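Enquirer: The following file, target_35.json, comprises JSON, C-alpha atoms and all ligand atoms:
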[["chain", "number", "residue", "atom", "x", "y", "z"],
["A", 1, "MET", "CA", 79.04, 63.99, 12.72],
["A", 2, "LYS", "CA", 81.18, 61.60, 10.69],
["A", 3, "PHE", "CA", 84.50, 61.37, 12.49],
["A", 4, "LYS", "CA", 87.74, 60.04, 11.10],
["A", 5, "ILE", "CA", 91.12, 59.59, 12.75],
["A", 6, "VAL", "CA", 94.21, 59.79, 10.58],
["A", 7, "SER", "CA", 97.80, 59.25, 11.65],
["A", 8, "ASP", "CA", 101.08, 59.01, 9.86],
["A", 9, "SER", "CA", 102.72, 55.59, 9.87],
["A", 10, "SER", "CA", 105.14, 56.43, 12.67],
["A", 11, "SER", "CA", 102.30, 55.49, 15.05],
["A", 12, "ASN", "CA", 102.87, 51.83, 14.05],
["A", 13, "ILE", "CA", 99.10, 51.46, 13.65],
["A", 14, "ARG", "CA", 98.10, 49.45, 10.60],
["A", 15, "GLU", "CA", 94.50, 48.72, 11.44],
["A", 16, "PHE", "CA", 92.18, 50.23, 13.99],
["A", 17, "ALA", "CA", 88.69, 49.21, 15.06],
["A", 18, "ASP", "CA", 85.49, 51.05, 16.04],
["A", 19, "VAL", "CA", 86.13, 54.45, 14.42],
["A", 20, "PRO", "CA", 87.12, 55.10, 10.78],
["A", 21, "PHE", "CA", 90.91, 55.28, 10.68],
["A", 22, "GLU", "CA", 93.56, 55.72, 8.03],
["A", 23, "SER", "CA", 97.32, 55.54, 8.24],
["A", 24, "VAL", "CA", 99.25, 57.80, 5.86],
["A", 25, "PRO", "CA", 102.59, 56.20, 5.06],
["A", 26, "LEU", "CA", 106.03, 57.73, 5.31],
["A", 27, "LYS", "CA", 108.64, 56.30, 2.97],
["A", 28, "ILE", "CA", 112.08, 54.84, 3.55],
["A", 29, "ILE", "CA", 114.36, 55.50, 0.62],
["A", 30, "THR", "CA", 117.62, 53.88, -0.41],
["A", 31, "GLU", "CA", 119.56, 54.33, -3.64],
["A", 32, "GLU", "CA", 118.01, 51.12, -4.95],
["A", 33, "LYS", "CA", 114.55, 51.05, -3.54],
["A", 34, "GLU", "CA", 111.67, 52.86, -1.92],
["A", 35, "TYR", "CA", 109.82, 51.21, 0.96],
["A", 36, "VAL", "CA", 106.29, 52.50, 1.55],
["A", 37, "ASP", "CA", 105.40, 52.12, 5.23],
["A", 38, "ASP", "CA", 102.00, 50.55, 4.66],
["A", 39, "ALA", "CA", 100.36, 47.19, 5.35],
["A", 40, "ALA", "CA", 102.18, 45.58, 2.41],
["A", 41, "LEU", "CA", 105.64, 46.33, 3.84],
["A", 42, "ASP", "CA", 107.65, 43.39, 5.15],
["A", 43, "VAL", "CA", 109.41, 45.23, 7.97],
["A", 44, "THR", "CA", 111.74, 42.39, 8.90],
["A", 45, "ALA", "CA", 112.90, 42.05, 5.30],
["A", 46, "MET", "CA", 113.46, 45.81, 5.13],
["A", 47, "VAL", "CA", 115.55, 45.79, 8.30],
["A", 48, "GLU", "CA", 117.59, 42.90, 6.84],
["A", 49, "ASP", "CA", 118.11, 44.78, 3.54],
["A", 50, "LEU", "CA", 119.21, 47.89, 5.40],
["A", 51, "ARG", "CA", 122.01, 45.97, 7.12],
["A", 52, "THR", "CA", 123.91, 45.59, 3.90],
["A", 53, "VAL", "CA", 122.65, 48.45, 1.78],
["A", 54, "LYS", "CA", 125.26, 50.80, 0.39],
["A", 55, "GLY", "CA", 124.94, 54.53, -0.17],
["A", 56, "LYS", "CA", 122.58, 57.12, 1.21],
["A", 57, "THR", "CA", 119.38, 56.15, 2.99],
["A", 58, "GLY", "CA", 116.65, 58.48, 4.16],
["A", 59, "THR", "CA", 112.95, 59.00, 4.61],
["A", 60, "SER", "CA", 110.20, 61.24, 3.31],
["A", 61, "CYS", "CA", 106.99, 62.34, 4.95],
["A", 62, "PRO", "CA", 103.49, 62.42, 3.46],
["A", 63, "ASN", "CA", 102.60, 65.47, 1.38],
["A", 64, "VAL", "CA", 99.53, 67.69, 1.60],
["A", 65, "SER", "CA", 97.58, 65.86, -1.06],
["A", 66, "GLU", "CA", 98.17, 62.48, 0.59],
["A", 67, "TYR", "CA", 96.69, 63.89, 3.79],
["A", 68, "LEU", "CA", 93.79, 65.43, 1.86],
["A", 69, "ASP", "CA", 93.01, 62.05, 0.30],
["A", 70, "ALA", "CA", 92.95, 60.46, 3.76],
["A", 71, "PHE", "CA", 90.60, 63.16, 5.12],
["A", 72, "GLU", "CA", 88.14, 62.81, 2.25],
["A", 73, "GLY", "CA", 84.57, 61.99, 3.19],
["A", 74, "ALA", "CA", 84.81, 62.88, 6.88],
["A", 75, "GLU", "CA", 83.06, 65.78, 8.57],
["A", 76, "ASN", "CA", 85.37, 65.83, 11.57],
["A", 77, "VAL", "CA", 89.00, 64.85, 11.15],
["A", 78, "PHE", "CA", 91.65, 64.36, 13.81],
["A", 79, "ALA", "CA", 95.14, 63.79, 12.45],
["A", 80, "VAL", "CA", 97.95, 62.69, 14.76],
["A", 81, "THR", "CA", 101.49, 63.23, 13.46],
["A", 82, "ILE", "CA", 105.06, 62.53, 14.45],
["A", 83, "THR", "CA", 106.74, 65.47, 16.22],
["A", 84, "SER", "CA", 106.91, 68.61, 14.09],
["A", 85, "ASN", "CA", 110.46, 69.07, 15.33],
["A", 86, "LEU", "CA", 111.86, 66.10, 13.42],
["A", 87, "SER", "CA", 109.61, 65.77, 10.37],
["A", 88, "GLY", "CA", 107.57, 67.77, 7.87],
["A", 89, "SER", "CA", 104.62, 65.43, 8.39],
["A", 90, "CYS", "CA", 102.89, 67.75, 10.85],
["A", 91, "ALA", "CA", 103.30, 70.83, 8.62],
["A", 92, "ALA", "CA", 101.82, 68.93, 5.66],
["A", 93, "ALA", "CA", 98.87, 67.78, 7.80],
["A", 94, "ILE", "CA", 98.26, 71.33, 9.07],
["A", 95, "GLN", "CA", 98.18, 72.70, 5.54],
["A", 96, "ALA", "CA", 95.88, 69.87, 4.46],
["A", 97, "ALA", "CA", 93.57, 70.60, 7.41],
["A", 98, "ALA", "CA", 93.28, 74.27, 6.40],
["A", 99, "GLU", "CA", 92.59, 73.37, 2.77],
["A", 100, "TYR", "CA", 90.09, 70.72, 3.78],
["A", 101, "GLU", "CA", 88.09, 73.17, 5.89],
["A", 102, "GLU", "CA", 88.17, 75.75, 3.08],
["A", 103, "THR", "CA", 86.90, 73.36, 0.45],
["A", 104, "HIS", "CA", 84.41, 71.37, 2.57],
["A", 105, "ALA", "CA", 81.70, 73.58, 4.05],
["A", 106, "GLY", "CA", 81.04, 72.73, 7.69],
["A", 107, "ALA", "CA", 83.94, 70.28, 7.97],
["A", 108, "HIS", "CA", 86.49, 70.43, 10.78],
["A", 109, "ALA", "CA", 90.05, 69.13, 10.75],
["A", 110, "TYR", "CA", 92.47, 69.35, 13.66],
["A", 111, "VAL", "CA", 96.08, 68.23, 13.74],
["A", 112, "VAL", "CA", 97.59, 66.86, 16.93],
["A", 113, "ASP", "CA", 101.36, 67.39, 16.91],
["A", 114, "SER", "CA", 102.32, 64.44, 19.08],
["A", 115, "LEU", "CA", 105.74, 66.00, 19.86],
["A", 116, "SER", "CA", 106.62, 62.32, 19.95],
["A", 117, "THR", "CA", 106.07, 59.18, 17.93],
["A", 118, "GLY", "CA", 105.42, 55.42, 18.22],
["A", 119, "GLY", "CA", 103.42, 54.20, 21.19],
["A", 120, "GLU", "CA", 102.69, 57.70, 22.46],
["A", 121, "MET", "CA", 100.88, 58.36, 19.18],
["A", 122, "ARG", "CA", 98.89, 55.17, 19.65],
["A", 123, "LEU", "CA", 97.76, 56.42, 23.07],
["A", 124, "LEU", "CA", 96.58, 59.67, 21.47],
["A", 125, "VAL", "CA", 94.71, 57.82, 18.73],
["A", 126, "GLU", "CA", 93.05, 55.54, 21.30],
["A", 127, "HIS", "CA", 92.04, 58.53, 23.41],
["A", 128, "LEU", "CA", 90.47, 60.22, 20.37],
["A", 129, "ARG", "CA", 88.55, 57.01, 19.65],
["A", 130, "ASP", "CA", 87.27, 56.80, 23.23],
["A", 131, "ARG", "CA", 86.03, 60.42, 23.20],
["A", 132, "ILE", "CA", 84.39, 59.99, 19.80],
["A", 133, "LEU", "CA", 82.63, 56.81, 20.95],
["A", 134, "ALA", "CA", 81.51, 58.61, 24.12],
["A", 135, "GLY", "CA", 79.61, 61.03, 21.85],
["A", 136, "ASP", "CA", 81.75, 64.17, 22.33],
["A", 137, "THR", "CA", 81.46, 67.03, 19.84],
["A", 138, "PHE", "CA", 84.46, 68.03, 17.70],
["A", 139, "GLU", "CA", 85.29, 70.85, 20.14],
["A", 140, "GLN", "CA", 85.02, 68.54, 23.15],
["A", 141, "VAL", "CA", 87.29, 65.94, 21.57],
["A", 142, "ARG", "CA", 89.83, 68.65, 20.72],
["A", 143, "ALA", "CA", 89.83, 70.05, 24.26],
["A", 144, "SER", "CA", 90.13, 66.56, 25.69],
["A", 145, "ILE", "CA", 93.10, 65.50, 23.55],
["A", 146, "GLN", "CA", 94.96, 68.72, 24.37],
["A", 147, "LYS", "CA", 94.58, 67.96, 28.07],
["A", 148, "TYR", "CA", 95.39, 64.25, 27.75],
["A", 149, "GLN", "CA", 98.54, 64.92, 25.75],
["A", 150, "LYS", "CA", 100.13, 66.62, 28.75],
["A", 151, "HIS", "CA", 100.03, 63.29, 30.60],
["A", 152, "THR", "CA", 101.46, 60.91, 28.02],
["A", 153, "HIS", "CA", 105.18, 60.21, 27.63],
["A", 154, "LEU", "CA", 107.66, 58.34, 25.49],
["A", 155, "LEU", "CA", 110.80, 56.51, 26.53],
["A", 156, "PHE", "CA", 113.01, 54.47, 24.24],
["A", 157, "SER", "CA", 116.13, 52.36, 24.15],
["A", 158, "LEU", "CA", 118.33, 52.52, 21.07],
["A", 159, "GLN", "CA", 121.32, 50.34, 20.24],
["A", 160, "SER", "CA", 122.34, 52.50, 17.30],
["A", 161, "LEU", "CA", 121.65, 56.10, 16.39],
["A", 162, "ALA", "CA", 123.40, 55.83, 13.04],
["A", 163, "ASN", "CA", 120.36, 56.45, 10.86],
["A", 164, "LEU", "CA", 119.17, 59.29, 13.07],
["A", 165, "ALA", "CA", 122.60, 60.97, 12.84],
["A", 166, "ARG", "CA", 123.00, 60.38, 9.10],
["A", 167, "ASN", "CA", 119.72, 62.13, 8.51],
["A", 168, "GLY", "CA", 120.45, 65.04, 10.83],
["A", 169, "ARG", "CA", 117.91, 64.09, 13.51],
["A", 170, "VAL", "CA", 120.50, 63.93, 16.31],
["A", 171, "SER", "CA", 123.97, 65.43, 16.58],
["A", 172, "PRO", "CA", 126.92, 63.20, 15.63],
["A", 173, "ALA", "CA", 128.19, 63.65, 19.20],
["A", 174, "VAL", "CA", 125.05, 62.03, 20.62],
["A", 175, "ALA", "CA", 125.14, 59.26, 18.02],
["A", 176, "LYS", "CA", 128.73, 58.46, 18.91],
["A", 177, "ILE", "CA", 127.84, 57.45, 22.47],
["A", 178, "ALA", "CA", 125.72, 54.64, 21.08],
["A", 179, "GLY", "CA", 128.41, 53.49, 18.69],
["A", 180, "VAL", "CA", 129.97, 51.23, 21.28],
["A", 181, "LEU", "CA", 128.88, 47.60, 21.17],
["A", 182, "GLY", "CA", 126.58, 46.63, 24.04],
["A", 183, "ILE", "CA", 125.66, 50.22, 24.88],
["A", 184, "ARG", "CA", 122.05, 51.33, 24.76],
["A", 185, "ILE", "CA", 120.88, 54.92, 24.89],
["A", 186, "VAL", "CA", 117.77, 55.36, 26.97],
["A", 187, "GLY", "CA", 116.05, 58.60, 26.12],
["A", 188, "THR", "CA", 112.78, 60.44, 25.95],
["A", 189, "ALA", "CA", 110.81, 62.75, 23.69],
["A", 190, "SER", "CA", 111.46, 66.20, 25.17],
["A", 191, "GLU", "CA", 108.66, 68.71, 25.72],
["A", 192, "GLU", "CA", 109.69, 70.38, 22.47],
["A", 193, "GLY", "CA", 109.48, 67.08, 20.63],
["A", 194, "THR", "CA", 113.16, 66.39, 20.18],
["A", 195, "LEU", "CA", 115.20, 63.32, 21.04],
["A", 196, "GLN", "CA", 116.61, 63.75, 24.52],
["A", 197, "PRO", "CA", 119.20, 61.19, 25.64],
["A", 198, "LEU", "CA", 119.01, 60.40, 29.36],
["A", 199, "HIS", "CA", 121.25, 57.42, 30.11],
["A", 200, "LYS", "CA", 123.94, 55.21, 28.67],
["A", 201, "CYS", "CA", 123.26, 51.62, 29.72],
["A", 202, "ARG", "CA", 125.39, 48.53, 29.32],
["A", 203, "GLY", "CA", 123.25, 45.53, 28.44],
["A", 204, "GLU", "CA", 119.53, 44.83, 28.25],
["A", 205, "LYS", "CA", 119.03, 44.18, 31.96],
["A", 206, "LYS", "CA", 120.46, 47.55, 32.94],
["A", 207, "MET", "CA", 118.41, 49.16, 30.20],
["A", 208, "LEU", "CA", 115.19, 47.61, 31.55],
["A", 209, "ASP", "CA", 115.99, 48.69, 35.14],
["A", 210, "THR", "CA", 116.57, 52.22, 33.87],
["A", 211, "MET", "CA", 113.42, 52.24, 31.77],
["A", 212, "VAL", "CA", 111.23, 51.20, 34.72],
["A", 213, "GLU", "CA", 112.88, 53.78, 36.99],
["A", 214, "GLU", "CA", 112.35, 56.53, 34.43],
["A", 215, "MET", "CA", 108.69, 55.55, 34.03],
["A", 216, "LEU", "CA", 108.14, 55.73, 37.78],
["A", 217, "GLY", "CA", 109.97, 59.05, 37.92],
["A", 218, "ARG", "CA", 107.61, 60.40, 35.28],
["A", 219, "GLY", "CA", 104.54, 59.45, 37.30],
["A", 220, "PHE", "CA", 103.61, 56.05, 35.89],
["A", 221, "LYS", "CA", 101.26, 54.38, 38.35],
["A", 222, "GLY", "CA", 99.71, 51.58, 36.34],
["A", 223, "GLY", "CA", 97.99, 53.30, 33.42],
["A", 224, "LYS", "CA", 98.14, 52.40, 29.75],
["A", 225, "VAL", "CA", 101.46, 51.34, 28.21],
["A", 226, "ARG", "CA", 102.01, 50.90, 24.48],
["A", 227, "ILE", "CA", 105.31, 49.16, 23.72],
["A", 228, "SER", "CA", 106.81, 48.73, 20.26],
["A", 229, "HIS", "CA", 110.07, 47.04, 19.38],
["A", 230, "CYS", "CA", 112.25, 46.33, 16.38],
["A", 231, "LEU", "CA", 113.16, 42.63, 16.50],
["A", 232, "ASN", "CA", 113.37, 42.69, 20.28],
["A", 233, "LEU", "CA", 110.20, 41.01, 21.50],
["A", 234, "GLU", "CA", 112.12, 39.51, 24.42],
["A", 235, "SER", "CA", 112.92, 42.83, 26.07],
["A", 236, "ALA", "CA", 109.46, 44.20, 25.31],
["A", 237, "GLN", "CA", 107.95, 41.20, 27.11],
["A", 238, "GLU", "CA", 110.38, 41.48, 30.00],
["A", 239, "LEU", "CA", 109.43, 45.14, 30.42],
["A", 240, "LYS", "CA", 105.75, 44.19, 30.44],
["A", 241, "THR", "CA", 106.37, 41.50, 33.08],
["A", 242, "ARG", "CA", 108.24, 43.93, 35.32],
["A", 243, "LEU", "CA", 105.54, 46.59, 35.03],
["A", 244, "LEU", "CA", 102.76, 44.09, 35.74],
["A", 245, "ALA", "CA", 104.64, 42.88, 38.83],
["A", 246, "LYS", "CA", 104.49, 46.44, 40.20],
["A", 247, "PHE", "CA", 101.05, 47.40, 38.83],
["A", 248, "PRO", "CA", 99.00, 44.27, 38.08],
["A", 249, "THR", "CA", 96.09, 46.18, 36.56],
["A", 250, "SER", "CA", 98.09, 48.15, 33.96],
["A", 251, "ASP", "CA", 96.82, 47.90, 30.41],
["A", 252, "ILE", "CA", 99.92, 46.96, 28.40],
["A", 253, "SER", "CA", 100.24, 46.04, 24.72],
["A", 254, "ILE", "CA", 103.23, 45.07, 22.61],
["A", 255, "GLU", "CA", 103.59, 45.37, 18.86],
["A", 256, "PRO", "CA", 106.42, 45.32, 16.33],
["A", 257, "SER", "CA", 107.34, 48.76, 15.08],
["A", 258, "THR", "CA", 106.51, 49.34, 11.43],
["A", 259, "GLY", "CA", 108.78, 50.88, 8.77],
["A", 260, "LEU", "CA", 109.54, 54.42, 9.90],
["A", 261, "CYS", "CA", 110.26, 53.65, 13.55],
["A", 262, "SER", "CA", 112.19, 50.52, 12.58],
["A", 263, "PHE", "CA", 114.39, 52.54, 10.24],
["A", 264, "TYR", "CA", 115.29, 55.25, 12.78],
["A", 265, "ALA", "CA", 115.13, 53.33, 16.06],
["A", 266, "GLU", "CA", 116.88, 50.36, 14.39],
["A", 267, "ARG", "CA", 117.26, 46.73, 15.32],
["A", 268, "GLY", "CA", 116.98, 45.95, 19.03],
["A", 269, "SER", "CA", 115.09, 49.12, 19.91],
["A", 270, "VAL", "CA", 112.24, 49.29, 22.38],
["A", 271, "MET", "CA", 109.88, 52.28, 22.49],
["A", 272, "VAL", "CA", 107.34, 52.84, 25.24],
["A", 273, "GLY", "CA", 104.40, 55.23, 25.26],
["A", 274, "PHE", "CA", 102.72, 55.49, 28.65],
["A", 275, "GLU", "CA", 100.31, 57.54, 30.75],
["A", 276, "ASP", "CA", 101.17, 59.21, 34.02],
["A", 277, "SER", "CA", 98.83, 59.04, 36.99],
["A", 278, "LEU", "CA", 97.10, 62.33, 36.05],
["A", 279, "ALA", "CA", 95.96, 61.10, 32.62],
["A", 301, "LIG", "O1", 111.24, 61.93, 6.72],
["A", 301, "LIG", "C1", 110.59, 62.33, 7.69],
["A", 301, "LIG", "O2", 109.93, 63.37, 7.65],
["A", 301, "LIG", "C2", 110.60, 61.52, 8.97],
["A", 301, "LIG", "C3", 111.68, 61.90, 9.91],
["A", 301, "LIG", "C4", 111.56, 61.24, 11.28],
["A", 301, "LIG", "C5", 112.76, 61.42, 12.13],
["A", 301, "LIG", "C6", 112.72, 60.88, 13.52],
["A", 301, "LIG", "C7", 112.13, 59.53, 13.72],
["A", 301, "LIG", "C8", 112.33, 58.95, 15.10],
["A", 301, "LIG", "C9", 111.83, 57.53, 15.20],
["A", 301, "LIG", "C10", 113.45, 57.08, 17.10],
["A", 301, "LIG", "C11", 113.44, 57.09, 18.58],
["A", 301, "LIG", "C12", 112.48, 58.01, 19.25],
["A", 301, "LIG", "C13", 112.78, 59.48, 19.11],
["A", 301, "LIG", "C14", 111.69, 60.34, 19.67],
["A", 301, "LIG", "C15", 111.92, 61.79, 19.50],
["A", 301, "LIG", "C16", 110.73, 62.65, 19.72],
["A", 301, "LIG", "C17", 112.12, 56.82, 16.46]]
The structure in this file should be written as C-alpha cells.
Ligand code: X90

Expert:
Amino acid sequence: MKFKIVSDSSSNIREFADVPFESVPLKIITEEKEYVDDAALDVTAMVEDLRTVKGKTGTSCPNVSEYLDAFEGAENVFAVTITSNLSGSCAAAIQAAAEYEETHAGAHAYVVDSLSTGGEMRLLVEHLRDRILAGDTFEQVRASIQKYQKHTHLLFSLQSLANLARNGRVSPAVAKIAGVLGIRIVGTASEEGTLQPLHKCRGEKKMLDTMVEEMLGRGFKGGKVRISHCLNLESAQELKTRLLAKFPTSDISIEPSTGLCSFYAERGSVMVGFEDSLA
C-alpha cells in the first residue's frame, strides 16, 4: 500500500511531510527565459523581471511523461491538479494515470481536478494525507476526497488581470475592470473551475472586509484556511488576524505563492483556500 501524493506547482507546495509527495512544475515562459516553478525558483526575482520584460509571456503545464515520472514507484497515486478549465495539467495527469495503471499491475492512480488552484489545492493535499495516515484504502481515500472537495472554496484578490487576459484565461472586458489603479477584483473559483469575479473594491481595507464577508457567506465557521500571497504578506496577515478575531480556533497558514500563481495572480494578490462548516 505505498501511497504517493502528487500535485502540480500551482498548489504552492514545495515540500510536504509525513506522506511521499512530489510537485510537478509548470513553467513560466518569456521570450528570453524559461522559469521552472520548482524549489530552485527565486519567485521574487521572477516577479521583478516580469515587471520590465518585453514581448509575449506565457506558461506551460506538465506533460504526460513528467507526471509518469512523478508517479513512479508508488502503488497508489493521488494527483491534485489546477482546474481543468484553465490548464491542460489535469488532462495530462489523467492520461498519465491511465498509462500508469496499464503498465503497473495492481497500481491505482486517481486524479483530483481541483476546479481551483492555490490554497484550495493545499487543503485537498492535506486531506489526502490525513486519510492515508488514518489507514484508509485507495477506494476510501478516493471517496473521502470527492466528498471533502464539495466543502472547500477559493477566494482571491487581484490587482491586475493583465497576464490572465493576455493568455486568454479571462475576457479582456473582465481584465479591464482591474486596470484602474487602486482597484482590486475579489473573485472566486466557480463550480465549473473558472475565474468568477464578484466585487470591485477600492483599497486593501475594503478588499479585506469583502473577503471576510464572502467567506462567511460561503459557510466559513472557523475551519482550515490556507492563504497565499504575492508580495503582500501584510494583507495576508491582516486577513488572518480578522478571521482569528471571529473564530479563535481556526487553523490558518500563510505562505508566499510560488511561480505559477505569482505569474497569473500577480503582485499584491491574496488567495484564500478555506473549508465551510460541513467539511
Ligand atoms: O499553462 C498552463 O497550463 C497554466 C494555466 C493556468 C491559468 C490560470 C491560473 C490562475 C492562477 C489566478 C487567480 C485565481 C483564479 C482561480 C480560477 C479557478 C491564479

Enquirer: I'd like the interatomic distance between CA of Thr59 (chain A) and CA of Phe16 (chain A), to a tenth of an Å.

Expert: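 Computing it gives 24.4 Å between the two atoms.
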
Enquirer: Rounded to one decimal place, report the CA of Ala175 (chain A)-CA of Gln159 (chain A) distance in Å.

Expert: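 Atom-to-atom, CA of Ala175 (chain A) and CA of Gln159 (chain A) are spaced 10.0 Å apart.
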
Enquirer: So how many Å separate CA of Lys240 (chain A) and CA of His151 (chain A), to one decimal?

Expert: 19.9 Å

Enquirer: Residues within 9 Å of ligand LIG 301 (chain A) (only C-alpha atoms and all ligand atoms), as JSON, numbers by chain?

Expert: {"A": [10, 26, 27, 28, 58, 59, 60, 61, 62, 82, 83, 84, 85, 86, 87, 88, 89, 90, 114, 115, 116, 117, 118, 154, 155, 156, 157, 158, 161, 164, 167, 168, 169, 170, 187, 188, 189, 190, 191, 192, 193, 194, 195, 196, 260, 261, 262, 263, 264, 265, 266, 269, 270, 271]}

Enquirer: Please dump the current selection as a tab-separated table (two decimals), keeping the file's coordinate frame; keep C-alpha atoms.

Expert:
chain	number	residue	atom	x	y	z
A	10	SER	CA	105.14	56.43	12.67
A	26	LEU	CA	106.03	57.73	5.31
A	27	LYS	CA	108.64	56.30	2.97
A	28	ILE	CA	112.08	54.84	3.55
A	58	GLY	CA	116.65	58.48	4.16
A	59	THR	CA	112.95	59.00	4.61
A	60	SER	CA	110.20	61.24	3.31
A	61	CYS	CA	106.99	62.34	4.95
A	62	PRO	CA	103.49	62.42	3.46
A	82	ILE	CA	105.06	62.53	14.45
A	83	THR	CA	106.74	65.47	16.22
A	84	SER	CA	106.91	68.61	14.09
A	85	ASN	CA	110.46	69.07	15.33
A	86	LEU	CA	111.86	66.10	13.42
A	87	SER	CA	109.61	65.77	10.37
A	88	GLY	CA	107.57	67.77	7.87
A	89	SER	CA	104.62	65.43	8.39
A	90	CYS	CA	102.89	67.75	10.85
A	114	SER	CA	102.32	64.44	19.08
A	115	LEU	CA	105.74	66.00	19.86
A	116	SER	CA	106.62	62.32	19.95
A	117	THR	CA	106.07	59.18	17.93
A	118	GLY	CA	105.42	55.42	18.22
A	154	LEU	CA	107.66	58.34	25.49
A	155	LEU	CA	110.80	56.51	26.53
A	156	PHE	CA	113.01	54.47	24.24
A	157	SER	CA	116.13	52.36	24.15
A	158	LEU	CA	118.33	52.52	21.07
A	161	LEU	CA	121.65	56.10	16.39
A	164	LEU	CA	119.17	59.29	13.07
A	167	ASN	CA	119.72	62.13	8.51
A	168	GLY	CA	120.45	65.04	10.83
A	169	ARG	CA	117.91	64.09	13.51
A	170	VAL	CA	120.50	63.93	16.31
A	187	GLY	CA	116.05	58.60	26.12
A	188	THR	CA	112.78	60.44	25.95
A	189	ALA	CA	110.81	62.75	23.69
A	190	SER	CA	111.46	66.20	25.17
A	191	GLU	CA	108.66	68.71	25.72
A	192	GLU	CA	109.69	70.38	22.47
A	193	GLY	CA	109.48	67.08	20.63
A	194	THR	CA	113.16	66.39	20.18
A	195	LEU	CA	115.20	63.32	21.04
A	196	GLN	CA	116.61	63.75	24.52
A	260	LEU	CA	109.54	54.42	9.90
A	261	CYS	CA	110.26	53.65	13.55
A	262	SER	CA	112.19	50.52	12.58
A	263	PHE	CA	114.39	52.54	10.24
A	264	TYR	CA	115.29	55.25	12.78
A	265	ALA	CA	115.13	53.33	16.06
A	266	GLU	CA	116.88	50.36	14.39
A	269	SER	CA	115.09	49.12	19.91
A	270	VAL	CA	112.24	49.29	22.38
A	271	MET	CA	109.88	52.28	22.49

Enquirer: Write out as a ChimeraX atom specification each polymer residue whose atoms come within 9 Å of Phe71 (chain A), counting all atoms listed in the file; drop sequence neighbours fewer than 2 positions from it.

Expert: /A:4-6,22,66-69,73-79,96-97,100,109

Enquirer: Any idea what's packed within 9 Å of region 36-42 of chain A, counting all atoms listed in the file, ignoring anything in its chain fewer than 3 positions away? Could you give it as number ranges by chain?

Expert: A: 9-10, 14-15, 23-29, 45-47, 258-260

Enquirer: Missing atoms in region 234-238 of chain A should be modelled up to all heavy atoms and reported as a PDB file, keeping the file's coordinate frame.

Expert:
ATOM      1  N   GLU A 234     111.715  40.000  23.110  1.00  0.00           N
ATOM      2  CA  GLU A 234     112.120  39.510  24.420  1.00  0.00           C
ATOM      3  C   GLU A 234     112.166  40.632  25.465  1.00  0.00           C
ATOM      4  O   GLU A 234     111.604  40.521  26.553  1.00  0.00           O
ATOM      5  CB  GLU A 234     113.488  38.850  24.297  1.00  0.00           C
ATOM      6  CG  GLU A 234     113.760  37.839  25.371  1.00  0.00           C
ATOM      7  CD  GLU A 234     115.144  37.230  25.202  1.00  0.00           C
ATOM      8  OE1 GLU A 234     115.563  36.981  24.041  1.00  0.00           O
ATOM      9  OE2 GLU A 234     115.811  37.027  26.223  1.00  0.00           O
ATOM     10  N   SER A 235     112.826  41.718  25.125  1.00  0.00           N
ATOM     11  CA  SER A 235     112.920  42.830  26.070  1.00  0.00           C
ATOM     12  C   SER A 235     111.577  43.523  26.258  1.00  0.00           C
ATOM     13  O   SER A 235     111.253  43.984  27.355  1.00  0.00           O
ATOM     14  CB  SER A 235     113.965  43.854  25.610  1.00  0.00           C
ATOM     15  OG  SER A 235     115.247  43.306  25.764  1.00  0.00           O
ATOM     16  N   ALA A 236     110.801  43.593  25.186  1.00  0.00           N
ATOM     17  CA  ALA A 236     109.460  44.200  25.310  1.00  0.00           C
ATOM     18  C   ALA A 236     108.631  43.396  26.305  1.00  0.00           C
ATOM     19  O   ALA A 236     107.960  43.953  27.178  1.00  0.00           O
ATOM     20  CB  ALA A 236     108.786  44.241  23.945  1.00  0.00           C
ATOM     21  N   GLN A 237     108.722  42.053  26.201  1.00  0.00           N
ATOM     22  CA  GLN A 237     107.950  41.200  27.110  1.00  0.00           C
ATOM     23  C   GLN A 237     108.467  41.292  28.547  1.00  0.00           C
ATOM     24  O   GLN A 237     107.692  41.297  29.498  1.00  0.00           O
ATOM     25  CB  GLN A 237     107.994  39.749  26.628  1.00  0.00           C
ATOM     26  CG  GLN A 237     106.919  39.502  25.588  1.00  0.00           C
ATOM     27  CD  GLN A 237     107.053  38.165  24.883  1.00  0.00           C
ATOM     28  OE1 GLN A 237     108.136  37.561  24.868  1.00  0.00           O
ATOM     29  NE2 GLN A 237     105.984  37.720  24.273  1.00  0.00           N
ATOM     30  N   GLU A 238     109.783  41.369  28.668  1.00  0.00           N
ATOM     31  CA  GLU A 238     110.380  41.480  30.000  1.00  0.00           C
ATOM     32  C   GLU A 238     109.939  42.792  30.678  1.00  0.00           C
ATOM     33  O   GLU A 238     109.632  42.826  31.863  1.00  0.00           O
ATOM     34  CB  GLU A 238     111.908  41.393  29.879  1.00  0.00           C
ATOM     35  CG  GLU A 238     112.697  41.542  31.162  1.00  0.00           C
ATOM     36  CD  GLU A 238     112.357  40.537  32.260  1.00  0.00           C
ATOM     37  OE1 GLU A 238     111.871  39.428  31.933  1.00  0.00           O
ATOM     38  OE2 GLU A 238     112.556  40.874  33.454  1.00  0.00           O
TER      39      GLU A 238
END
